[in-house]
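Colleague: input38.tsv is reproduced in full below (TSV, N, CA and C atoms).
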chain	number	residue	atom	x	y	z
A	1	MET	N	5.37	13.55	10.08
A	1	MET	CA	5.72	14.79	9.45
A	1	MET	C	6.34	15.70	10.50
A	2	LEU	N	7.46	16.28	10.16
A	2	LEU	CA	8.14	17.22	11.05
A	2	LEU	C	8.13	18.59	10.39
A	3	GLU	N	7.42	19.50	10.99
A	3	GLU	CA	7.30	20.85	10.45
A	3	GLU	C	8.35	21.74	11.09
A	4	PRO	N	9.03	22.57	10.30
A	4	PRO	CA	10.08	23.42	10.86
A	4	PRO	C	9.51	24.54	11.72
A	5	LEU	N	10.25	24.92	12.73
A	5	LEU	CA	9.86	26.05	13.57
A	5	LEU	C	10.27	27.38	12.94
A	6	ARG	N	11.37	27.34	12.18
A	6	ARG	CA	11.86	28.55	11.52
A	6	ARG	C	11.73	28.38	10.01
A	7	ALA	N	11.47	29.47	9.31
A	7	ALA	CA	11.26	29.44	7.86
A	7	ALA	C	12.48	28.92	7.10
A	8	GLU	N	13.67	29.12	7.63
A	8	GLU	CA	14.87	28.70	6.91
A	8	GLU	C	15.22	27.21	7.12
A	9	ASP	N	14.47	26.52	7.97
A	9	ASP	CA	14.73	25.10	8.22
A	9	ASP	C	13.91	24.21	7.28
A	10	ASP	N	14.36	22.96	7.14
A	10	ASP	CA	13.66	22.00	6.28
A	10	ASP	C	12.52	21.33	7.03
A	11	ALA	N	11.53	20.87	6.25
A	11	ALA	CA	10.43	20.04	6.77
A	11	ALA	C	10.73	18.60	6.34
A	12	TYR	N	10.25	17.63	7.10
A	12	TYR	CA	10.52	16.22	6.81
A	12	TYR	C	9.21	15.44	6.80
A	13	ILE	N	9.06	14.63	5.77
A	13	ILE	CA	7.94	13.69	5.71
A	13	ILE	C	8.55	12.29	5.78
A	14	LEU	N	8.11	11.50	6.75
A	14	LEU	CA	8.63	10.16	6.97
A	14	LEU	C	7.50	9.16	6.82
A	15	GLU	N	7.71	8.13	6.02
A	15	GLU	CA	6.73	7.05	5.86
A	15	GLU	C	7.42	5.74	6.23
A	16	PHE	N	6.82	4.99	7.13
A	16	PHE	CA	7.39	3.73	7.62
A	16	PHE	C	6.55	2.56	7.12
A	17	LYS	N	7.21	1.53	6.60
A	17	LYS	CA	6.52	0.34	6.11
A	17	LYS	C	7.29	-0.90	6.52
A	18	VAL	N	6.53	-1.97	6.71
A	18	VAL	CA	7.10	-3.28	7.03
A	18	VAL	C	7.09	-4.12	5.75
A	19	PHE	N	8.20	-4.77	5.48
A	19	PHE	CA	8.35	-5.65	4.31
A	19	PHE	C	7.26	-6.72	4.30
A	20	GLN	N	6.62	-6.89	3.15
A	20	GLN	CA	5.59	-7.92	2.99
A	20	GLN	C	6.02	-8.86	1.87
A	21	PRO	N	6.52	-10.06	2.23
A	21	PRO	CA	7.10	-10.96	1.24
A	21	PRO	C	6.12	-11.40	0.15
A	22	LYS	N	4.83	-11.37	0.42
A	22	LYS	CA	3.85	-11.76	-0.61
A	22	LYS	C	3.67	-10.68	-1.66
A	23	LYS	N	4.01	-9.43	-1.32
A	23	LYS	CA	3.83	-8.30	-2.24
A	23	LYS	C	5.13	-7.79	-2.83
A	24	GLU	N	6.23	-7.95	-2.10
A	24	GLU	CA	7.50	-7.34	-2.49
A	24	GLU	C	8.61	-8.37	-2.53
A	25	LYS	N	9.52	-8.20	-3.50
A	25	LYS	CA	10.63	-9.14	-3.63
A	25	LYS	C	11.81	-8.76	-2.73
A	26	GLU	N	12.07	-7.46	-2.62
A	26	GLU	CA	13.23	-6.98	-1.87
A	26	GLU	C	12.84	-5.82	-0.97
A	27	LEU	N	13.69	-5.53	0.00
A	27	LEU	CA	13.43	-4.44	0.91
A	27	LEU	C	13.38	-3.10	0.18
A	28	SER	N	14.13	-2.98	-0.89
A	28	SER	CA	14.10	-1.74	-1.68
A	28	SER	C	12.72	-1.50	-2.31
A	29	ASP	N	11.97	-2.57	-2.58
A	29	ASP	CA	10.60	-2.42	-3.09
A	29	ASP	C	9.70	-1.78	-2.03
A	30	THR	N	9.95	-2.13	-0.78
A	30	THR	CA	9.18	-1.57	0.33
A	30	THR	C	9.50	-0.09	0.49
A	31	VAL	N	10.76	0.27	0.33
A	31	VAL	CA	11.15	1.68	0.37
A	31	VAL	C	10.42	2.45	-0.72
A	32	GLN	N	10.42	1.91	-1.93
A	32	GLN	CA	9.73	2.57	-3.05
A	32	GLN	C	8.24	2.72	-2.77
A	33	SER	N	7.65	1.70	-2.17
A	33	SER	CA	6.23	1.75	-1.81
A	33	SER	C	5.96	2.88	-0.83
A	34	ALA	N	6.83	3.05	0.14
A	34	ALA	CA	6.68	4.13	1.11
A	34	ALA	C	6.79	5.49	0.44
A	35	LEU	N	7.78	5.65	-0.43
A	35	LEU	CA	7.95	6.91	-1.14
A	35	LEU	C	6.79	7.20	-2.08
A	36	ASP	N	6.30	6.16	-2.75
A	36	ASP	CA	5.14	6.32	-3.64
A	36	ASP	C	3.91	6.76	-2.85
A	37	GLN	N	3.73	6.22	-1.66
A	37	GLN	CA	2.58	6.59	-0.83
A	37	GLN	C	2.63	8.07	-0.47
A	38	ILE	N	3.80	8.59	-0.17
A	38	ILE	CA	3.94	10.02	0.14
A	38	ILE	C	3.44	10.85	-1.04
A	39	GLU	N	3.80	10.45	-2.24
A	39	GLU	CA	3.39	11.19	-3.45
A	39	GLU	C	1.89	11.03	-3.73
A	40	LYS	N	1.40	9.79	-3.69
A	40	LYS	CA	-0.01	9.52	-4.02
A	40	LYS	C	-0.97	10.24	-3.08
A	41	ARG	N	-0.60	10.31	-1.82
A	41	ARG	CA	-1.49	10.92	-0.82
A	41	ARG	C	-1.20	12.40	-0.58
A	42	HIS	N	-0.25	12.95	-1.34
A	42	HIS	CA	0.05	14.39	-1.30
A	42	HIS	C	0.30	14.89	0.12
A	43	TYR	N	1.12	14.18	0.86
A	43	TYR	CA	1.41	14.57	2.24
A	43	TYR	C	2.02	15.97	2.34
A	44	GLU	N	2.72	16.39	1.31
A	44	GLU	CA	3.38	17.70	1.37
A	44	GLU	C	2.40	18.86	1.24
A	45	ALA	N	1.17	18.61	0.82
A	45	ALA	CA	0.19	19.68	0.60
A	45	ALA	C	-0.01	20.54	1.84
A	46	VAL	N	-0.06	19.94	3.00
A	46	VAL	CA	-0.25	20.69	4.25
A	46	VAL	C	0.92	21.65	4.47
A	47	LEU	N	2.12	21.17	4.20
A	47	LEU	CA	3.30	22.00	4.39
A	47	LEU	C	3.34	23.15	3.38
A	48	VAL	N	3.00	22.84	2.15
A	48	VAL	CA	2.99	23.87	1.10
A	48	VAL	C	1.95	24.95	1.43
A	49	GLU	N	0.78	24.51	1.93
A	49	GLU	CA	-0.26	25.47	2.33
A	49	GLU	C	0.22	26.40	3.44
A	50	ARG	N	1.13	25.93	4.25
A	50	ARG	CA	1.67	26.74	5.35
A	50	ARG	C	2.84	27.61	4.91
A	51	GLY	N	3.12	27.60	3.61
A	51	GLY	CA	4.15	28.48	3.07
A	51	GLY	C	5.55	27.89	2.99
A	52	ILE	N	5.67	26.60	3.20
A	52	ILE	CA	6.99	25.97	3.10
A	52	ILE	C	7.24	25.61	1.64
A	53	PRO	N	8.32	26.11	1.05
A	53	PRO	CA	8.59	25.81	-0.36
A	53	PRO	C	8.93	24.33	-0.57
A	54	GLN	N	8.57	23.81	-1.73
A	54	GLN	CA	8.85	22.42	-2.09
A	54	GLN	C	10.32	22.08	-1.90
A	55	SER	N	11.17	23.03	-2.20
A	55	SER	CA	12.62	22.79	-2.10
A	55	SER	C	13.09	22.55	-0.67
A	56	ARG	N	12.26	22.89	0.31
A	56	ARG	CA	12.61	22.71	1.73
A	56	ARG	C	11.94	21.48	2.34
A	57	ILE	N	11.22	20.70	1.52
A	57	ILE	CA	10.52	19.52	2.02
A	57	ILE	C	11.32	18.27	1.64
A	58	ARG	N	11.75	17.53	2.65
A	58	ARG	CA	12.51	16.28	2.46
A	58	ARG	C	11.57	15.09	2.68
A	59	LYS	N	11.65	14.10	1.80
A	59	LYS	CA	10.76	12.93	1.86
A	59	LYS	C	11.58	11.66	2.00
A	60	TYR	N	11.28	10.88	3.04
A	60	TYR	CA	12.02	9.66	3.33
A	60	TYR	C	11.07	8.47	3.51
A	61	GLY	N	11.45	7.35	2.92
A	61	GLY	CA	10.73	6.11	3.12
A	61	GLY	C	11.60	5.14	3.91
A	62	PHE	N	11.04	4.56	4.96
A	62	PHE	CA	11.74	3.60	5.82
A	62	PHE	C	11.10	2.23	5.62
A	63	ALA	N	11.92	1.22	5.40
A	63	ALA	CA	11.43	-0.15	5.24
A	63	ALA	C	12.08	-1.04	6.29
A	64	PHE	N	11.27	-1.90	6.89
A	64	PHE	CA	11.74	-2.78	7.97
A	64	PHE	C	11.47	-4.24	7.62
A	65	ARG	N	12.45	-5.07	7.87
A	65	ARG	CA	12.30	-6.53	7.80
A	65	ARG	C	13.05	-7.07	9.01
A	66	GLY	N	12.29	-7.36	10.07
A	66	GLY	CA	12.94	-7.74	11.32
A	66	GLY	C	13.80	-6.59	11.82
A	67	LYS	N	15.08	-6.87	12.06
A	67	LYS	CA	15.99	-5.83	12.53
A	67	LYS	C	16.67	-5.09	11.38
A	68	GLU	N	16.42	-5.52	10.17
A	68	GLU	CA	17.02	-4.88	8.99
A	68	GLU	C	16.18	-3.67	8.59
A	69	VAL	N	16.85	-2.56	8.32
A	69	VAL	CA	16.19	-1.32	7.93
A	69	VAL	C	16.86	-0.75	6.70
A	70	GLN	N	16.05	-0.24	5.79
A	70	GLN	CA	16.58	0.45	4.61
A	70	GLN	C	15.82	1.77	4.48
A	71	ILE	N	16.54	2.83	4.14
A	71	ILE	CA	15.95	4.16	4.03
A	71	ILE	C	16.23	4.71	2.64
A	72	GLY	N	15.20	5.32	2.06
A	72	GLY	CA	15.36	5.96	0.75
A	72	GLY	C	14.82	7.37	0.81
A	73	GLU	N	15.31	8.21	-0.09
A	73	GLU	CA	14.88	9.60	-0.14
A	73	GLU	C	14.33	9.92	-1.52
A	74	ARG	N	13.26	10.67	-1.56
A	74	ARG	CA	12.72	11.17	-2.83
A	74	ARG	C	13.21	12.58	-2.98
A	75	THR	N	13.93	12.83	-4.06
A	75	THR	CA	14.47	14.17	-4.31
A	75	THR	C	13.64	14.86	-5.39
A	76	LEU	N	13.76	16.16	-5.43
A	76	LEU	CA	13.07	16.93	-6.46
A	76	LEU	C	13.73	16.65	-7.80
A	77	SER	N	12.89	16.52	-8.81
A	77	SER	CA	13.44	16.28	-10.15
A	77	SER	C	13.36	17.51	-11.01
Take the structure from the file and write it as structure tokens.

Modeller:
Amino acid sequence: MLEPLRAEDDAYILEFKVFQPKKEKELSDTVQSALDQIEKRHYEAVLVERGIPQSRIRKYGFAFRGKEVQIGERTLS
């Protein structure tokens, strides 16, 4: 988690996962798993408690399979 130093800057939540072929079919499944974990565990709660608005919190899931990397972002709906 990267917390902004200034109120006008964004905060970043990063979740890193390694591809598990027994659980996931594709690397994109691992990205989704990382993003889902951010939501399930409410990682943004600490930032919100510190006064950072939801609109300033960026959420990224990183998936690794050897040297291959895929990144996904969860946006506000």

Colleague: I want to know what sits within 8 Å of Tyr60 (chain A), based on all atoms listed in the file, with residues of the same chain fewer than 4 positions away left out; could you give that as a PyMOL selection string?

Modeller: chain A and resi 12-16+31+34-35+38+71-75

Colleague: From a backbone DSSP assignment, name each residue in region 2-55 of chain A labelled helix (DSSP H, G or I), as a VMD selection string.

Modeller: chain A and resid 27 to 40 45 to 49 54 to 55

Colleague: Only N, CA and C atoms, please: the residues just picked out, written as a short mmCIF file (atom, residue, chain, number, x, y, z; two decimals), in the coordinates of the input.

Modeller:
data_model
loop_
_atom_site.label_atom_id
_atom_site.label_comp_id
_atom_site.auth_asym_id
_atom_site.auth_seq_id
_atom_site.Cartn_x
_atom_site.Cartn_y
_atom_site.Cartn_z
N LEU A 27 13.69 -5.53 0.00
CA LEU A 27 13.43 -4.44 0.91
C LEU A 27 13.38 -3.10 0.18
N SER A 28 14.13 -2.98 -0.89
CA SER A 28 14.10 -1.74 -1.68
C SER A 28 12.72 -1.50 -2.31
N ASP A 29 11.97 -2.57 -2.58
CA ASP A 29 10.60 -2.42 -3.09
C ASP A 29 9.70 -1.78 -2.03
N THR A 30 9.95 -2.13 -0.78
CA THR A 30 9.18 -1.57 0.33
C THR A 30 9.50 -0.09 0.49
N VAL A 31 10.76 0.27 0.33
CA VAL A 31 11.15 1.68 0.37
C VAL A 31 10.42 2.45 -0.72
N GLN A 32 10.42 1.91 -1.93
CA GLN A 32 9.73 2.57 -3.05
C GLN A 32 8.24 2.72 -2.77
N SER A 33 7.65 1.70 -2.17
CA SER A 33 6.23 1.75 -1.81
C SER A 33 5.96 2.88 -0.83
N ALA A 34 6.83 3.05 0.14
CA ALA A 34 6.68 4.13 1.11
C ALA A 34 6.79 5.49 0.44
N LEU A 35 7.78 5.65 -0.43
CA LEU A 35 7.95 6.91 -1.14
C LEU A 35 6.79 7.20 -2.08
N ASP A 36 6.30 6.16 -2.75
CA ASP A 36 5.14 6.32 -3.64
C ASP A 36 3.91 6.76 -2.85
N GLN A 37 3.73 6.22 -1.66
CA GLN A 37 2.58 6.59 -0.83
C GLN A 37 2.63 8.07 -0.47
N ILE A 38 3.80 8.59 -0.17
CA ILE A 38 3.94 10.02 0.14
C ILE A 38 3.44 10.85 -1.04
N GLU A 39 3.80 10.45 -2.24
CA GLU A 39 3.39 11.19 -3.45
C GLU A 39 1.89 11.03 -3.73
N LYS A 40 1.40 9.79 -3.69
CA LYS A 40 -0.01 9.52 -4.02
C LYS A 40 -0.97 10.24 -3.08
N ALA A 45 1.17 18.61 0.82
CA ALA A 45 0.19 19.68 0.60
C ALA A 45 -0.01 20.54 1.84
N VAL A 46 -0.06 19.94 3.00
CA VAL A 46 -0.25 20.69 4.25
C VAL A 46 0.92 21.65 4.47
N LEU A 47 2.12 21.17 4.20
CA LEU A 47 3.30 22.00 4.39
C LEU A 47 3.34 23.15 3.38
N VAL A 48 3.00 22.84 2.15
CA VAL A 48 2.99 23.87 1.10
C VAL A 48 1.95 24.95 1.43
N GLU A 49 0.78 24.51 1.93
CA GLU A 49 -0.26 25.47 2.33
C GLU A 49 0.22 26.40 3.44
N GLN A 54 8.57 23.81 -1.73
CA GLN A 54 8.85 22.42 -2.09
C GLN A 54 10.32 22.08 -1.90
N SER A 55 11.17 23.03 -2.20
CA SER A 55 12.62 22.79 -2.10
C SER A 55 13.09 22.55 -0.67
#

Colleague: Counting only C-alpha atoms, I want the residues whose atoms come within 6 Å of (7.2, 18.4, -0.4) in the file frame, returned as a PyMOL selection string.

Modeller: chain A and resi 44+54+57

Colleague: Dump N, CA and C atoms for the selected residues as a PDB file, keeping the file's coordinate frame?

Modeller:
ATOM      1  N   GLU A  44       2.720  16.390   1.310  1.00  0.00           N
ATOM      2  CA  GLU A  44       3.380  17.700   1.370  1.00  0.00           C
ATOM      3  C   GLU A  44       2.400  18.860   1.240  1.00  0.00           C
ATOM      4  N   GLN A  54       8.570  23.810  -1.730  1.00  0.00           N
ATOM      5  CA  GLN A  54       8.850  22.420  -2.090  1.00  0.00           C
ATOM      6  C   GLN A  54      10.320  22.080  -1.900  1.00  0.00           C
ATOM      7  N   ILE A  57      11.220  20.700   1.520  1.00  0.00           N
ATOM      8  CA  ILE A  57      10.520  19.520   2.020  1.00  0.00           C
ATOM      9  C   ILE A  57      11.320  18.270   1.640  1.00  0.00           C
TER      10      ILE A  57
END

Colleague: Nearest residue to Pro21 (chain A) out of A:Phe64, A:Ala45, A:Arg6, A:Val69, using only C-alpha atoms?

Modeller: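 Of A:Phe64, A:Ala45, A:Arg6, A:Val69, the one nearest Pro21 (chain A), counting only C-alpha atoms, is A:Phe64.
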
Colleague: Quote the spacing between atom C of Arg58 (chain A) and atom N of Asp29 (chain A) in Å to one decimal place.

Modeller: 18.4 Å

Colleague: For Val48 (chain A), which residue among A:Arg65, A:Leu76, A:Gln20, A:Ala11 is the nearest when counting only C-alpha atoms?

Modeller: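 Looking at the shortest contact to Val48 (chain A), the residue is A:Ala11.
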
Colleague: Report, in Å with one decimal, the straight-line distance from CA of His42 (chain A) to CA of Lys22 (chain A).

Modeller: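 Calculated distance between CA of His42 (chain A) and CA of Lys22 (chain A) is 26.4 Å.
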
Colleague: Could you go through chain A and tell me which residues DSSP, when run on the backbone, assigns to strand (DSSP E or B), listing them as a ChimeraX atom specification?

Modeller: /A:2,11-18,57-65,68-74

Colleague: Would you mind exporting the chosen residues as a JSON list (two decimals), keeping the file's coordinate frame, restricted to N, CA and C atoms?

Modeller:
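Writing the result to selection.json gives the following:
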[["chain", "number", "residue", "atom", "x", "y", "z"],
["A", 2, "LEU", "N", 7.46, 16.28, 10.16],
["A", 2, "LEU", "CA", 8.14, 17.22, 11.05],
["A", 2, "LEU", "C", 8.13, 18.59, 10.39],
["A", 11, "ALA", "N", 11.53, 20.87, 6.25],
["A", 11, "ALA", "CA", 10.43, 20.04, 6.77],
["A", 11, "ALA", "C", 10.73, 18.60, 6.34],
["A", 12, "TYR", "N", 10.25, 17.63, 7.10],
["A", 12, "TYR", "CA", 10.52, 16.22, 6.81],
["A", 12, "TYR", "C", 9.21, 15.44, 6.80],
["A", 13, "ILE", "N", 9.06, 14.63, 5.77],
["A", 13, "ILE", "CA", 7.94, 13.69, 5.71],
["A", 13, "ILE", "C", 8.55, 12.29, 5.78],
["A", 14, "LEU", "N", 8.11, 11.50, 6.75],
["A", 14, "LEU", "CA", 8.63, 10.16, 6.97],
["A", 14, "LEU", "C", 7.50, 9.16, 6.82],
["A", 15, "GLU", "N", 7.71, 8.13, 6.02],
["A", 15, "GLU", "CA", 6.73, 7.05, 5.86],
["A", 15, "GLU", "C", 7.42, 5.74, 6.23],
["A", 16, "PHE", "N", 6.82, 4.99, 7.13],
["A", 16, "PHE", "CA", 7.39, 3.73, 7.62],
["A", 16, "PHE", "C", 6.55, 2.56, 7.12],
["A", 17, "LYS", "N", 7.21, 1.53, 6.60],
["A", 17, "LYS", "CA", 6.52, 0.34, 6.11],
["A", 17, "LYS", "C", 7.29, -0.90, 6.52],
["A", 18, "VAL", "N", 6.53, -1.97, 6.71],
["A", 18, "VAL", "CA", 7.10, -3.28, 7.03],
["A", 18, "VAL", "C", 7.09, -4.12, 5.75],
["A", 57, "ILE", "N", 11.22, 20.70, 1.52],
["A", 57, "ILE", "CA", 10.52, 19.52, 2.02],
["A", 57, "ILE", "C", 11.32, 18.27, 1.64],
["A", 58, "ARG", "N", 11.75, 17.53, 2.65],
["A", 58, "ARG", "CA", 12.51, 16.28, 2.46],
["A", 58, "ARG", "C", 11.57, 15.09, 2.68],
["A", 59, "LYS", "N", 11.65, 14.10, 1.80],
["A", 59, "LYS", "CA", 10.76, 12.93, 1.86],
["A", 59, "LYS", "C", 11.58, 11.66, 2.00],
["A", 60, "TYR", "N", 11.28, 10.88, 3.04],
["A", 60, "TYR", "CA", 12.02, 9.66, 3.33],
["A", 60, "TYR", "C", 11.07, 8.47, 3.51],
["A", 61, "GLY", "N", 11.45, 7.35, 2.92],
["A", 61, "GLY", "CA", 10.73, 6.11, 3.12],
["A", 61, "GLY", "C", 11.60, 5.14, 3.91],
["A", 62, "PHE", "N", 11.04, 4.56, 4.96],
["A", 62, "PHE", "CA", 11.74, 3.60, 5.82],
["A", 62, "PHE", "C", 11.10, 2.23, 5.62],
["A", 63, "ALA", "N", 11.92, 1.22, 5.40],
["A", 63, "ALA", "CA", 11.43, -0.15, 5.24],
["A", 63, "ALA", "C", 12.08, -1.04, 6.29],
["A", 64, "PHE", "N", 11.27, -1.90, 6.89],
["A", 64, "PHE", "CA", 11.74, -2.78, 7.97],
["A", 64, "PHE", "C", 11.47, -4.24, 7.62],
["A", 65, "ARG", "N", 12.45, -5.07, 7.87],
["A", 65, "ARG", "CA", 12.30, -6.53, 7.80],
["A", 65, "ARG", "C", 13.05, -7.07, 9.01],
["A", 68, "GLU", "N", 16.42, -5.52, 10.17],
["A", 68, "GLU", "CA", 17.02, -4.88, 8.99],
["A", 68, "GLU", "C", 16.18, -3.67, 8.59],
["A", 69, "VAL", "N", 16.85, -2.56, 8.32],
["A", 69, "VAL", "CA", 16.19, -1.32, 7.93],
["A", 69, "VAL", "C", 16.86, -0.75, 6.70],
["A", 70, "GLN", "N", 16.05, -0.24, 5.79],
["A", 70, "GLN", "CA", 16.58, 0.45, 4.61],
["A", 70, "GLN", "C", 15.82, 1.77, 4.48],
["A", 71, "ILE", "N", 16.54, 2.83, 4.14],
["A", 71, "ILE", "CA", 15.95, 4.16, 4.03],
["A", 71, "ILE", "C", 16.23, 4.71, 2.64],
["A", 72, "GLY", "N", 15.20, 5.32, 2.06],
["A", 72, "GLY", "CA", 15.36, 5.96, 0.75],
["A", 72, "GLY", "C", 14.82, 7.37, 0.81],
["A", 73, "GLU", "N", 15.31, 8.21, -0.09],
["A", 73, "GLU", "CA", 14.88, 9.60, -0.14],
["A", 73, "GLU", "C", 14.33, 9.92, -1.52],
["A", 74, "ARG", "N", 13.26, 10.67, -1.56],
["A", 74, "ARG", "CA", 12.72, 11.17, -2.83],
["A", 74, "ARG", "C", 13.21, 12.58, -2.98]]

Colleague: Would you work out the distance separating atom C of Arg56 (chain A) from CA of Asp9 (chain A), expressed in Å to one decimal?

Modeller: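 So the answer is 7.4 Å.
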
Colleague: Closest to Phe62 (chain A) among A:Glu3, A:Lys25, A:Val46, A:Ser33, using all atoms listed in the file?

Modeller: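 Smallest separation from Phe62 (chain A) among the options: A:Ser33.
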
Colleague: Missing atoms in region 3-11 of chain A should be modelled up to all heavy atoms and reported as an mmCIF file, in the coordinates of the input.

Modeller:
data_model
loop_
_atom_site.group_PDB
_atom_site.id
_atom_site.type_symbol
_atom_site.label_atom_id
_atom_site.label_comp_id
_atom_site.auth_asym_id
_atom_site.auth_seq_id
_atom_site.Cartn_x
_atom_site.Cartn_y
_atom_site.Cartn_z
ATOM 1 N N GLU A 3 7.420 19.500 10.990
ATOM 2 C CA GLU A 3 7.300 20.850 10.450
ATOM 3 C C GLU A 3 8.350 21.740 11.090
ATOM 4 O O GLU A 3 8.539 21.695 12.310
ATOM 5 C CB GLU A 3 5.900 21.385 10.750
ATOM 6 C CG GLU A 3 5.595 22.677 10.061
ATOM 7 C CD GLU A 3 4.149 23.096 10.263
ATOM 8 O OE1 GLU A 3 3.308 22.251 10.582
ATOM 9 O OE2 GLU A 3 3.888 24.292 10.101
ATOM 10 N N PRO A 4 9.030 22.570 10.300
ATOM 11 C CA PRO A 4 10.080 23.420 10.860
ATOM 12 C C PRO A 4 9.510 24.540 11.720
ATOM 13 O O PRO A 4 8.407 25.037 11.472
ATOM 14 C CB PRO A 4 10.769 23.984 9.622
ATOM 15 C CG PRO A 4 9.727 23.975 8.572
ATOM 16 C CD PRO A 4 8.874 22.771 8.868
ATOM 17 N N LEU A 5 10.250 24.920 12.730
ATOM 18 C CA LEU A 5 9.860 26.050 13.570
ATOM 19 C C LEU A 5 10.270 27.380 12.940
ATOM 20 O O LEU A 5 9.612 28.390 13.133
ATOM 21 C CB LEU A 5 10.498 25.920 14.957
ATOM 22 C CG LEU A 5 10.057 24.715 15.777
ATOM 23 C CD1 LEU A 5 10.839 24.647 17.084
ATOM 24 C CD2 LEU A 5 8.557 24.781 16.064
ATOM 25 N N ARG A 6 11.370 27.340 12.180
ATOM 26 C CA ARG A 6 11.860 28.550 11.520
ATOM 27 C C ARG A 6 11.730 28.380 10.010
ATOM 28 O O ARG A 6 11.897 27.295 9.476
ATOM 29 C CB ARG A 6 13.320 28.806 11.891
ATOM 30 C CG ARG A 6 13.523 28.996 13.392
ATOM 31 C CD ARG A 6 14.961 29.204 13.746
ATOM 32 N NE ARG A 6 15.764 28.082 13.238
ATOM 33 C CZ ARG A 6 17.077 28.047 13.241
ATOM 34 N NH1 ARG A 6 17.766 29.055 13.698
ATOM 35 N NH2 ARG A 6 17.727 27.001 12.781
ATOM 36 N N ALA A 7 11.470 29.470 9.310
ATOM 37 C CA ALA A 7 11.260 29.440 7.860
ATOM 38 C C ALA A 7 12.480 28.920 7.100
ATOM 39 O O ALA A 7 12.339 28.311 6.038
ATOM 40 C CB ALA A 7 10.881 30.827 7.357
ATOM 41 N N GLU A 8 13.670 29.120 7.630
ATOM 42 C CA GLU A 8 14.870 28.700 6.910
ATOM 43 C C GLU A 8 15.220 27.210 7.120
ATOM 44 O O GLU A 8 16.154 26.709 6.517
ATOM 45 C CB GLU A 8 16.067 29.572 7.286
ATOM 46 C CG GLU A 8 16.477 29.507 8.730
ATOM 47 C CD GLU A 8 15.762 30.492 9.645
ATOM 48 O OE1 GLU A 8 14.808 31.155 9.221
ATOM 49 O OE2 GLU A 8 16.171 30.596 10.805
ATOM 50 N N ASP A 9 14.470 26.520 7.970
ATOM 51 C CA ASP A 9 14.730 25.100 8.220
ATOM 52 C C ASP A 9 13.910 24.210 7.280
ATOM 53 O O ASP A 9 12.906 24.640 6.721
ATOM 54 C CB ASP A 9 14.379 24.747 9.676
ATOM 55 C CG ASP A 9 15.327 25.392 10.668
ATOM 56 O OD1 ASP A 9 16.463 25.719 10.283
ATOM 57 O OD2 ASP A 9 14.915 25.564 11.823
ATOM 58 N N ASP A 10 14.360 22.960 7.140
ATOM 59 C CA ASP A 10 13.660 22.000 6.280
ATOM 60 C C ASP A 10 12.520 21.330 7.030
ATOM 61 O O ASP A 10 12.542 21.192 8.249
ATOM 62 C CB ASP A 10 14.628 20.920 5.802
ATOM 63 C CG ASP A 10 15.653 21.450 4.818
ATOM 64 O OD1 ASP A 10 15.405 22.497 4.193
ATOM 65 O OD2 ASP A 10 16.698 20.807 4.675
ATOM 66 N N ALA A 11 11.530 20.870 6.250
ATOM 67 C CA ALA A 11 10.430 20.040 6.770
ATOM 68 C C ALA A 11 10.730 18.600 6.340
ATOM 69 O O ALA A 11 11.381 18.369 5.309
ATOM 70 C CB ALA A 11 9.102 20.496 6.203
#
